[in-house]
$ cat structure.cif   # mmCIF, C-alpha atoms
data_data
#
loop_
_atom_site.group_PDB
_atom_site.id
_atom_site.type_symbol
_atom_site.label_atom_id
_atom_site.label_comp_id
_atom_site.auth_asym_id
_atom_site.auth_seq_id
_atom_site.Cartn_x
_atom_site.Cartn_y
_atom_site.Cartn_z
ATOM 1 C CA MET A 1 128.855 94.279 33.270
ATOM 2 C CA LYS A 2 125.695 94.982 35.271
ATOM 3 C CA LYS A 3 124.031 98.391 35.016
ATOM 4 C CA LEU A 4 123.649 100.512 38.149
ATOM 5 C CA LEU A 5 121.373 103.563 38.178
ATOM 6 C CA THR A 6 121.069 106.231 40.849
ATOM 7 C CA GLY A 7 120.168 109.885 41.315
ATOM 8 C CA LEU A 8 119.622 112.553 43.956
ATOM 9 C CA GLN A 9 116.891 115.182 43.657
ATOM 10 C CA PRO A 10 117.994 118.827 43.311
ATOM 11 C CA SER A 11 115.233 119.806 45.737
ATOM 12 C CA GLY A 12 117.712 120.961 48.363
ATOM 13 C CA GLU A 13 121.415 121.326 49.107
ATOM 14 C CA LEU A 14 123.391 118.069 49.215
ATOM 15 C CA THR A 15 124.258 117.018 52.758
ATOM 16 C CA LEU A 16 126.667 114.827 54.653
ATOM 17 C CA GLY A 17 123.846 112.283 54.652
ATOM 18 C CA SER A 18 123.738 112.453 50.827
ATOM 19 C CA LEU A 19 127.486 111.792 50.711
ATOM 20 C CA ILE A 20 127.514 108.874 53.148
ATOM 21 C CA GLY A 21 124.172 107.347 52.268
ATOM 22 C CA GLY A 22 124.390 107.658 48.494
ATOM 23 C CA ILE A 23 127.348 109.274 46.757
ATOM 24 C CA SER A 24 130.119 107.346 48.569
ATOM 25 C CA GLY A 25 128.500 104.065 47.600
ATOM 26 C CA SER A 26 128.379 105.162 43.976
ATOM 27 C CA VAL A 27 132.099 106.030 44.096
ATOM 28 C CA LYS A 28 132.875 102.487 45.272
ATOM 29 C CA ASN A 29 130.567 100.967 42.688
ATOM 30 C CA GLN A 30 131.889 102.870 39.666
ATOM 31 C CA ASP A 31 134.709 100.343 39.174
ATOM 32 C CA ILE A 32 132.330 97.386 39.414
ATOM 33 C CA TYR A 33 129.290 98.433 37.386
ATOM 34 C CA ASP A 34 128.243 100.341 34.279
ATOM 35 C CA SER A 35 127.024 103.352 36.256
ATOM 36 C CA TYR A 36 124.332 105.867 35.315
ATOM 37 C CA ILE A 37 124.114 108.981 37.513
ATOM 38 C CA PHE A 38 121.189 111.298 36.852
ATOM 39 C CA VAL A 39 119.669 114.464 38.281
ATOM 40 C CA PRO A 40 115.922 113.778 38.765
ATOM 41 C CA ASP A 41 114.741 117.350 38.361
ATOM 42 C CA MET A 42 111.267 116.202 37.270
ATOM 43 C CA HIS A 43 110.802 114.579 40.672
ATOM 44 C CA ALA A 44 111.861 117.794 42.384
ATOM 45 C CA ILE A 45 108.784 119.744 41.212
ATOM 46 C CA THR A 46 106.340 117.388 42.960
ATOM 47 C CA VAL A 47 106.652 120.074 45.632
ATOM 48 C CA GLU A 48 107.005 123.805 44.929
ATOM 49 C CA GLN A 49 110.442 124.927 43.728
ATOM 50 C CA ASP A 50 112.047 128.254 42.896
ATOM 51 C CA PRO A 51 112.926 127.849 39.155
ATOM 52 C CA ILE A 52 116.153 129.869 39.412
ATOM 53 C CA LEU A 53 117.299 127.958 42.482
ATOM 54 C CA LEU A 54 116.407 124.636 40.850
ATOM 55 C CA LYS A 55 118.609 125.415 37.837
ATOM 56 C CA GLU A 56 121.474 126.371 40.153
ATOM 57 C CA ARG A 57 121.144 123.182 42.169
ATOM 58 C CA ILE A 58 121.181 120.991 39.067
ATOM 59 C CA ARG A 59 124.617 122.317 38.128
ATOM 60 C CA LYS A 60 125.814 122.303 41.737
ATOM 61 C CA ASN A 61 124.765 118.681 42.167
ATOM 62 C CA VAL A 62 126.663 117.519 39.106
ATOM 63 C CA ALA A 63 129.744 119.490 40.193
ATOM 64 C CA LEU A 64 129.500 117.972 43.675
ATOM 65 C CA TYR A 65 129.055 114.441 42.326
ATOM 66 C CA ILE A 66 132.316 114.810 40.430
ATOM 67 C CA ALA A 67 134.069 116.552 43.345
ATOM 68 C CA CYS A 68 133.036 113.684 45.626
ATOM 69 C CA GLY A 69 134.866 111.233 43.392
ATOM 70 C CA LEU A 70 132.433 110.174 40.672
ATOM 71 C CA ASP A 71 134.645 109.936 37.592
ATOM 72 C CA PRO A 72 133.026 111.214 34.347
ATOM 73 C CA ASN A 73 135.032 108.548 32.491
ATOM 74 C CA LYS A 74 133.446 105.782 34.582
ATOM 75 C CA ASN A 75 129.893 107.140 34.934
ATOM 76 C CA THR A 76 127.260 108.495 32.565
ATOM 77 C CA PHE A 77 125.776 111.759 33.892
ATOM 78 C CA TYR A 78 122.499 113.181 32.598
ATOM 79 C CA ILE A 79 119.535 115.361 33.562
ATOM 80 C CA GLN A 80 116.173 113.590 33.703
ATOM 81 C CA SER A 81 114.098 116.356 32.072
ATOM 82 C CA GLU A 82 116.409 116.542 29.049
ATOM 83 C CA ASN A 83 115.212 113.061 28.018
ATOM 84 C CA LEU A 84 111.556 113.166 26.949
ATOM 85 C CA TYR A 85 111.222 109.367 26.996
ATOM 86 C CA HIS A 86 111.059 109.300 30.813
ATOM 87 C CA ALA A 87 107.684 111.037 30.894
ATOM 88 C CA ASN A 88 106.344 109.124 27.874
ATOM 89 C CA LEU A 89 107.133 105.739 29.407
ATOM 90 C CA SER A 90 105.800 106.929 32.762
ATOM 91 C CA TRP A 91 102.364 107.555 31.228
ATOM 92 C CA ILE A 92 102.230 104.022 29.837
ATOM 93 C CA LEU A 93 103.264 102.604 33.204
ATOM 94 C CA GLU A 94 100.664 104.754 34.985
ATOM 95 C CA CYS A 95 98.032 103.097 32.827
ATOM 96 C CA HIS A 96 99.249 99.738 34.136
ATOM 97 C CA THR A 97 99.403 100.779 37.803
ATOM 98 C CA TYR A 98 96.524 100.166 40.200
ATOM 99 C CA ILE A 99 95.227 102.944 42.463
ATOM 100 C CA GLY A 100 95.612 100.644 45.468
ATOM 101 C CA GLU A 101 99.321 99.951 45.002
ATOM 102 C CA ALA A 102 100.085 103.605 44.225
ATOM 103 C CA SER A 103 98.238 104.762 47.354
ATOM 104 C CA ARG A 104 100.271 102.387 49.533
ATOM 105 C CA MET A 105 103.532 104.208 48.849
ATOM 106 C CA THR A 106 104.779 105.330 52.278
ATOM 107 C CA GLN A 107 106.697 108.329 50.887
ATOM 108 C CA PHE A 108 103.437 109.806 49.568
ATOM 109 C CA LYS A 109 101.721 109.248 52.893
ATOM 110 C CA GLU A 110 104.520 111.002 54.781
ATOM 111 C CA LYS A 111 104.949 113.945 52.396
ATOM 112 C CA SER A 112 101.215 114.605 52.063
ATOM 113 C CA LYS A 113 100.415 114.318 55.762
ATOM 114 C CA ASN A 114 98.612 117.384 57.145
ATOM 115 C CA LYS A 115 99.027 119.301 53.861
ATOM 116 C CA GLU A 116 96.475 120.834 51.532
ATOM 117 C CA ASN A 117 96.531 121.076 47.725
ATOM 118 C CA ILE A 118 98.720 118.008 47.195
ATOM 119 C CA SER A 119 99.741 117.664 43.550
ATOM 120 C CA VAL A 120 98.910 114.596 41.473
ATOM 121 C CA GLY A 121 102.640 114.466 40.674
ATOM 122 C CA LEU A 122 103.444 113.719 44.304
ATOM 123 C CA PHE A 123 101.074 110.749 44.094
ATOM 124 C CA THR A 124 102.383 109.391 40.777
ATOM 125 C CA TYR A 125 106.114 110.124 41.052
ATOM 126 C CA PRO A 126 106.977 106.536 42.131
ATOM 127 C CA ILE A 127 105.722 105.489 38.684
ATOM 128 C CA LEU A 128 107.996 108.061 37.044
ATOM 129 C CA MET A 129 110.773 106.577 39.181
ATOM 130 C CA ALA A 130 109.893 103.149 37.787
ATOM 131 C CA SER A 131 110.196 104.660 34.310
ATOM 132 C CA ASP A 132 113.642 106.074 35.191
ATOM 133 C CA ILE A 133 114.776 102.569 36.135
ATOM 134 C CA LEU A 134 113.057 100.371 33.547
ATOM 135 C CA LEU A 135 113.885 102.603 30.568
ATOM 136 C CA TYR A 136 117.548 101.540 30.736
ATOM 137 C CA ASP A 137 117.248 97.933 31.926
ATOM 138 C CA ALA A 138 118.997 98.806 35.175
ATOM 139 C CA ASP A 139 120.118 95.771 37.166
ATOM 140 C CA LEU A 140 120.744 97.558 40.461
ATOM 141 C CA VAL A 141 119.339 100.671 42.142
ATOM 142 C CA PRO A 142 121.166 101.952 45.258
ATOM 143 C CA THR A 143 118.486 103.073 47.664
ATOM 144 C CA GLY A 144 117.808 103.918 51.266
ATOM 145 C CA ILE A 145 115.532 101.631 53.234
ATOM 146 C CA ASP A 146 112.750 104.226 52.938
ATOM 147 C CA GLN A 147 112.920 104.110 49.107
ATOM 148 C CA LYS A 148 113.082 100.306 48.723
ATOM 149 C CA GLN A 149 109.314 100.200 48.218
ATOM 150 C CA HIS A 150 109.679 102.237 45.018
ATOM 151 C CA VAL A 151 112.108 99.733 43.495
ATOM 152 C CA GLU A 152 109.657 96.985 44.406
ATOM 153 C CA LEU A 153 106.922 98.905 42.542
ATOM 154 C CA ALA A 154 109.188 99.091 39.470
ATOM 155 C CA ARG A 155 109.667 95.323 39.654
ATOM 156 C CA ASN A 156 105.933 94.719 39.971
ATOM 157 C CA LEU A 157 105.169 96.932 36.976
ATOM 158 C CA ALA A 158 107.879 95.220 34.923
ATOM 159 C CA ILE A 159 106.456 91.785 35.755
ATOM 160 C CA ARG A 160 102.904 92.919 34.921
ATOM 161 C CA PHE A 161 103.985 94.421 31.591
ATOM 162 C CA ASN A 162 106.119 91.405 30.664
ATOM 163 C CA ASN A 163 103.284 89.012 31.447
ATOM 164 C CA LYS A 164 100.859 90.985 29.293
ATOM 165 C CA TYR A 165 103.031 91.929 26.295
ATOM 166 C CA GLY A 166 105.986 89.574 26.392
ATOM 167 C CA GLU A 167 109.514 89.944 27.755
ATOM 168 C CA THR A 168 110.313 93.664 27.703
ATOM 169 C CA PHE A 169 111.772 94.934 30.983
ATOM 170 C CA LYS A 170 114.586 93.650 33.155
ATOM 171 C CA LEU A 171 113.700 93.247 36.851
ATOM 172 C CA PRO A 172 115.793 95.683 38.948
ATOM 173 C CA GLU A 173 117.167 94.869 42.395
ATOM 174 C CA PRO A 174 117.477 97.372 45.268
ATOM 175 C CA MET A 175 120.976 97.847 46.693
ATOM 176 C CA ILE A 176 120.936 99.051 50.311
ATOM 177 C CA PRO A 177 124.265 100.210 51.848
ATOM 178 C CA GLU A 178 125.252 98.428 55.068
ATOM 179 C CA ILE A 179 126.887 101.426 56.747
ATOM 180 C CA GLY A 180 125.464 104.904 56.836
ATOM 181 C CA ALA A 181 122.256 104.108 54.984
ATOM 182 C CA LYS A 182 120.572 106.698 57.194
ATOM 183 C CA ILE A 183 122.544 109.554 58.691
ATOM 184 C CA LYS A 184 120.352 111.335 61.208
ATOM 185 C CA ASP A 185 119.673 114.983 61.968
ATOM 186 C CA LEU A 186 122.148 116.291 64.583
ATOM 187 C CA GLN A 187 119.393 118.050 66.532
ATOM 188 C CA GLU A 188 116.698 115.400 66.074
ATOM 189 C CA PRO A 189 118.655 112.142 65.838
ATOM 190 C CA THR A 190 115.549 110.026 65.383
ATOM 191 C CA LYS A 191 114.946 111.745 62.026
ATOM 192 C CA LYS A 192 116.887 111.426 58.787
ATOM 193 C CA MET A 193 119.371 114.182 57.878
ATOM 194 C CA SER A 194 117.594 115.534 54.823
ATOM 195 C CA LYS A 195 118.548 117.975 52.072
ATOM 196 C CA SER A 196 115.006 119.341 52.207
ATOM 197 C CA SER A 197 115.007 119.753 55.990
ATOM 198 C CA ASP A 198 114.334 123.076 57.693
ATOM 199 C CA SER A 199 116.721 122.074 60.488
ATOM 200 C CA TYR A 200 119.728 124.359 59.870
ATOM 201 C CA LYS A 201 121.678 123.277 62.971
ATOM 202 C CA GLY A 202 120.902 119.603 62.443
ATOM 203 C CA THR A 203 121.987 119.343 58.812
ATOM 204 C CA ILE A 204 125.585 119.500 57.548
ATOM 205 C CA LEU A 205 125.701 120.719 53.951
ATOM 206 C CA LEU A 206 128.575 119.611 51.723
ATOM 207 C CA LEU A 207 129.401 123.275 51.063
ATOM 208 C CA ASP A 208 129.180 124.468 54.681
ATOM 209 C CA PRO A 209 132.258 126.474 55.835
ATOM 210 C CA GLU A 210 134.597 124.744 58.297
ATOM 211 C CA GLU A 211 133.558 126.846 61.290
ATOM 212 C CA VAL A 212 129.871 126.100 60.620
ATOM 213 C CA ILE A 213 130.531 122.356 60.386
ATOM 214 C CA ARG A 214 132.405 122.325 63.688
ATOM 215 C CA LYS A 215 129.743 124.392 65.441
ATOM 216 C CA LYS A 216 126.935 122.107 64.245
ATOM 217 C CA ILE A 217 128.715 118.942 65.376
ATOM 218 C CA MET A 218 129.779 120.373 68.730
ATOM 219 C CA SER A 219 126.149 121.334 69.427
ATOM 220 C CA ALA A 220 124.768 117.932 68.367
ATOM 221 C CA VAL A 221 122.150 116.506 70.746
ATOM 222 C CA THR A 222 123.392 113.554 72.818
ATOM 223 C CA ASP A 223 122.183 112.281 76.229
ATOM 224 C CA SER A 224 123.064 112.543 79.913
ATOM 225 C CA GLU A 225 124.712 109.140 80.448
ATOM 226 C CA GLY A 226 128.215 110.214 79.483
ATOM 227 C CA LYS A 227 129.287 106.857 78.001
ATOM 228 C CA VAL A 228 130.127 106.333 74.345
ATOM 229 C CA TYR A 229 128.655 103.223 72.759
ATOM 230 C CA TYR A 230 126.321 102.337 69.904
ATOM 231 C CA ASP A 231 122.645 101.978 70.829
ATOM 232 C CA VAL A 232 120.247 103.499 68.283
ATOM 233 C CA GLU A 233 117.172 103.146 70.474
ATOM 234 C CA ASN A 234 118.536 104.552 73.734
ATOM 235 C CA LYS A 235 121.425 106.710 72.451
ATOM 236 C CA PRO A 236 120.383 107.961 68.986
ATOM 237 C CA GLY A 237 122.596 111.063 69.084
ATOM 238 C CA ILE A 238 125.790 109.222 70.043
ATOM 239 C CA SER A 239 124.970 106.384 67.643
ATOM 240 C CA ASN A 240 124.591 108.905 64.827
ATOM 241 C CA LEU A 241 128.012 110.436 65.529
ATOM 242 C CA LEU A 242 129.575 106.962 65.601
ATOM 243 C CA THR A 243 127.895 106.110 62.299
ATOM 244 C CA ILE A 244 129.255 109.275 60.675
ATOM 245 C CA TYR A 245 132.779 108.534 61.899
ATOM 246 C CA SER A 246 132.713 104.857 60.903
ATOM 247 C CA ALA A 247 131.433 105.678 57.416
ATOM 248 C CA LEU A 248 134.015 108.424 56.737
ATOM 249 C CA LYS A 249 136.875 106.318 58.125
ATOM 250 C CA ASN A 250 135.556 103.214 56.345
ATOM 251 C CA ILE A 251 135.678 101.079 59.495
ATOM 252 C CA SER A 252 133.003 99.067 61.273
ATOM 253 C CA ILE A 253 130.726 100.366 64.020
ATOM 254 C CA LYS A 254 132.344 97.858 66.381
ATOM 255 C CA GLU A 255 135.818 99.231 65.633
ATOM 256 C CA THR A 256 134.507 102.766 66.091
ATOM 257 C CA GLU A 257 132.931 101.878 69.452
ATOM 258 C CA GLU A 258 136.199 100.353 70.632
ATOM 259 C CA TYR A 259 138.184 103.411 69.544
ATOM 260 C CA PHE A 260 135.925 105.870 71.400
ATOM 261 C CA LYS A 261 135.056 103.753 74.459
ATOM 262 C CA ASP A 262 137.057 105.920 76.899
ATOM 263 C CA TYR A 263 136.151 109.269 75.305
ATOM 264 C CA ASN A 264 133.844 111.883 76.808
ATOM 265 C CA TYR A 265 131.187 113.414 74.588
ATOM 266 C CA GLY A 266 133.106 116.622 73.938
ATOM 267 C CA ASN A 267 136.204 114.807 72.690
ATOM 268 C CA LEU A 268 134.061 112.455 70.598
ATOM 269 C CA LYS A 269 132.391 115.417 68.900
ATOM 270 C CA LYS A 270 135.732 117.130 68.285
ATOM 271 C CA GLU A 271 137.174 114.084 66.561
ATOM 272 C CA VAL A 272 134.038 113.528 64.498
ATOM 273 C CA ALA A 273 134.197 117.196 63.475
ATOM 274 C CA ASP A 274 137.864 116.764 62.470
ATOM 275 C CA ILE A 275 137.151 113.902 60.079
ATOM 276 C CA VAL A 276 134.071 115.614 58.610
ATOM 277 C CA VAL A 277 136.026 118.840 58.001
ATOM 278 C CA GLU A 278 138.945 116.930 56.492
ATOM 279 C CA LYS A 279 136.703 115.125 53.997
ATOM 280 C CA LEU A 280 134.518 118.106 53.086
ATOM 281 C CA MET A 281 137.377 120.578 52.591
ATOM 282 C CA ILE A 282 138.852 118.267 49.933
ATOM 283 C CA ILE A 283 135.465 118.064 48.215
ATOM 284 C CA GLN A 284 134.923 121.825 48.388
ATOM 285 C CA ASN A 285 138.318 122.589 46.827
ATOM 286 C CA LYS A 286 137.532 120.287 43.886
ATOM 287 C CA TYR A 287 134.003 121.691 43.591
ATOM 288 C CA ASN A 288 135.314 125.272 43.313
ATOM 289 C CA GLU A 289 137.493 124.210 40.370
ATOM 290 C CA ILE A 290 134.673 122.388 38.590
ATOM 291 C CA ILE A 291 131.733 124.780 39.027
ATOM 292 C CA ASN A 292 133.363 127.561 36.985
ATOM 293 C CA SER A 293 134.718 125.300 34.226
ATOM 294 C CA ASN A 294 133.231 123.830 31.031
ATOM 295 C CA LEU A 295 133.399 120.321 32.448
ATOM 296 C CA ILE A 296 129.760 120.201 33.622
ATOM 297 C CA ASP A 297 128.298 120.971 30.187
ATOM 298 C CA GLU A 298 130.742 118.644 28.447
ATOM 299 C CA VAL A 299 129.812 115.773 30.740
ATOM 300 C CA LEU A 300 126.045 116.404 30.516
ATOM 301 C CA ASP A 301 126.045 116.826 26.720
ATOM 302 C CA LYS A 302 127.883 113.548 26.285
ATOM 303 C CA GLY A 303 125.594 111.797 28.754
ATOM 304 C CA ILE A 304 122.245 112.924 27.357
ATOM 305 C CA ASN A 305 123.225 111.985 23.797
ATOM 306 C CA LYS A 306 124.013 108.460 24.933
ATOM 307 C CA MET A 307 120.928 108.114 27.132
ATOM 308 C CA ASN A 308 118.541 109.460 24.474
ATOM 309 C CA GLU A 309 119.713 106.760 22.083
ATOM 310 C CA LEU A 310 119.241 104.004 24.692
ATOM 311 C CA ALA A 311 115.858 105.332 25.827
ATOM 312 C CA LYS A 312 114.515 105.603 22.281
ATOM 313 C CA ILE A 313 115.155 101.918 21.633
ATOM 314 C CA LYS A 314 113.307 100.805 24.756
ATOM 315 C CA TYR A 315 110.439 103.266 24.357
ATOM 316 C CA GLU A 316 109.845 102.330 20.711
ATOM 317 C CA GLU A 317 109.639 98.688 21.750
ATOM 318 C CA VAL A 318 107.109 99.523 24.474
ATOM 319 C CA ARG A 319 104.917 101.825 22.347
ATOM 320 C CA ASN A 320 104.705 99.217 19.605
ATOM 321 C CA LYS A 321 103.672 96.525 22.074
ATOM 322 C CA VAL A 322 100.855 98.619 23.535
ATOM 323 C CA GLY A 323 99.591 99.510 20.050
ATOM 324 C CA PHE A 324 100.603 103.166 19.697
ATOM 325 C CA GLY A 325 101.224 104.798 16.321
ATOM 326 C CA ARG A 326 100.048 104.153 12.783
#
$ encode --input "structure.cif" --output "structure tokens"
Amino acid sequence: MKKLLTGLQPSGELTLGSLIGGISGSVKNQDIYDSYIFVPDMHAITVEQDPILLKERIRKNVALYIACGLDPNKNTFYIQSENLYHANLSWILECHTYIGEASRMTQFKEKSKNKENISVGLFTYPILMASDILLYDADLVPTGIDQKQHVELARNLAIRFNNKYGETFKLPEPMIPEIGAKIKDLQEPTKKMSKSSDSYKGTILLLDPEEVIRKKIMSAVTDSEGKVYYDVENKPGISNLLTIYSALKNISIKETEEYFKDYNYGNLKKEVADIVVEKLMIIQNKYNEIINSNLIDEVLDKGINKMNELAKIKYEEVRNKVGFGR
């Protein structure tokens, strides 16, 4: 069975975009692959974080993963920082990464634009991401289009290391979802709906109350044409609402267009709000049961014990090949 590895940073509250673009795909994949779900808290501190809030979000994320349908019996859950081999392997990979290829990472360019006092961690975190992937011989890494470049870096580093020291790392493949890979901000539909966004009205959080969800969707930016059809370039707001509906109903964009073709914008928004509320209320009820139980610690303890054993084997192989130790 092929290994699949994925994670979502606890740098912000999980959103509808997180559910559609990442978590839902992992739920579908858990019956097909040997799935590893981790909380990349080390990546989160590449930008400033409140330590108390970060700890809260780590637990909330795991509870939400499970509430969204990720079965602890079918997935291995773990926290990145609890496994010291991630950082150790990352240092070795950094020493095999060229400044030029690291500086070409588009995520760094975007996040560091017009900012002062950028941390070195923000520059090198794609190499830590490569360590996350290569440490466990992951076959597949679900990723948005904007993160595909990081999986390609992991492949390049694996090839470079293998060529120099002999066969060591498996070459991972990016897995990009066909539907809902990028859910957009409701107020700025040309931008991604992001968990780290400052756009309160444009971002639907998985734990938003029903009335807040409905209000955000009903106030979503559209256009003045009045016709419902999918056209990302000319109708980004309407296209975003259609994408949300199609993903949550698990039907194609074409089917969604056909269903809504005679709708006005108000009725479209109402029906999109209905399906979003229906899905998120189920998740929230499950989350409220999980967050105050012992399940989170049980799942994470079991996961980190397993992953530490796997990581140690790979890291010891790597450190011996580069000449570390006595």
$ closest_residue --input "structure.cif" --among "A:Leu134, A:Val151, A:Leu5, A:Ile251" --to "A:Tyr85" --atoms "all atoms listed in the file"
A:Leu134
$ closest_residue --input "structure.cif" --among "A:Lys3, A:Lys314, A:Lys192, A:Lys270" --to "A:Pro236" --atoms "only C-alpha atoms"
A:Lys192
$ resolve_selection --input "structure.cif" --expression "the PyMOL selection byres ((chain A and resi 205) around 9)" --output "PDB file with C-alpha atoms, keeping the file's coordinate frame"
ATOM      1  CA  GLU A  13     121.415 121.326  49.107  1.00  0.00           C
ATOM      2  CA  LEU A  14     123.391 118.069  49.215  1.00  0.00           C
ATOM      3  CA  THR A  15     124.258 117.018  52.758  1.00  0.00           C
ATOM      4  CA  LEU A  16     126.667 114.827  54.653  1.00  0.00           C
ATOM      5  CA  GLY A  17     123.846 112.283  54.652  1.00  0.00           C
ATOM      6  CA  LYS A 195     118.548 117.975  52.072  1.00  0.00           C
ATOM      7  CA  THR A 203     121.987 119.343  58.812  1.00  0.00           C
ATOM      8  CA  ILE A 204     125.585 119.500  57.548  1.00  0.00           C
ATOM      9  CA  LEU A 206     128.575 119.611  51.723  1.00  0.00           C
ATOM     10  CA  LEU A 207     129.401 123.275  51.063  1.00  0.00           C
ATOM     11  CA  ASP A 208     129.180 124.468  54.681  1.00  0.00           C
ATOM     12  CA  PRO A 209     132.258 126.474  55.835  1.00  0.00           C
ATOM     13  CA  ILE A 213     130.531 122.356  60.386  1.00  0.00           C
TER      14      ILE A 213
END
$ atom_distance --input "structure.cif" --atom1 "atom CA of A:Val299" --atom2 "atom CA of A:Tyr287"
14.8 Å
$ resolve_selection --input "structure.cif" --expression "the PyMOL selection byres ((chain A and resi 227) around 10)" --output "PyMOL selection string"
chain A and resi 223-226+228-230+235+238+260-265
$ resolve_selection --input "structure.cif" --expression "the PyMOL selection byres ((chain A and resi 88) around 12)" --output "PyMOL selection string"
chain A and resi 81+83-87+89-95+127-128+131-132+135+311-312+314-316+318-319+324
$ atom_distance --input "structure.cif" --atom1 "atom CA of A:Leu242" --atom2 "atom CA of A:Lys60"
28.6 Å
$ closest_residue --input "structure.cif" --among "A:Asn234, A:Thr106, A:Ser239, A:Thr168" --to "A:Glu317" --atoms "only C-alpha atoms"
A:Thr168
$ closest_residue --input "structure.cif" --among "A:Ile291, A:Pro40, A:Phe77, A:Leu241" --to "A:Asn267" --atoms "all atoms listed in the file"
A:Leu241
$ residues_around --input "structure.cif" --residues "A:Ile296" --least-positions-apart "2" --cutoff "7 Å" --atoms "only C-alpha atoms" --output "MDAnalysis selection string"
chainID A and resid 62:63 294 298:300
$ closest_residue --input "structure.cif" --among "A:Gly22, A:Gly100, A:Gly12, A:Pro189" --to "A:Thr143" --atoms "all atoms listed in the file"
A:Gly22
$ closest_residue --input "structure.cif" --among "A:Ile283, A:Ile37, A:Met42, A:Met105" --to "A:Thr76" --atoms "only C-alpha atoms"
A:Ile37
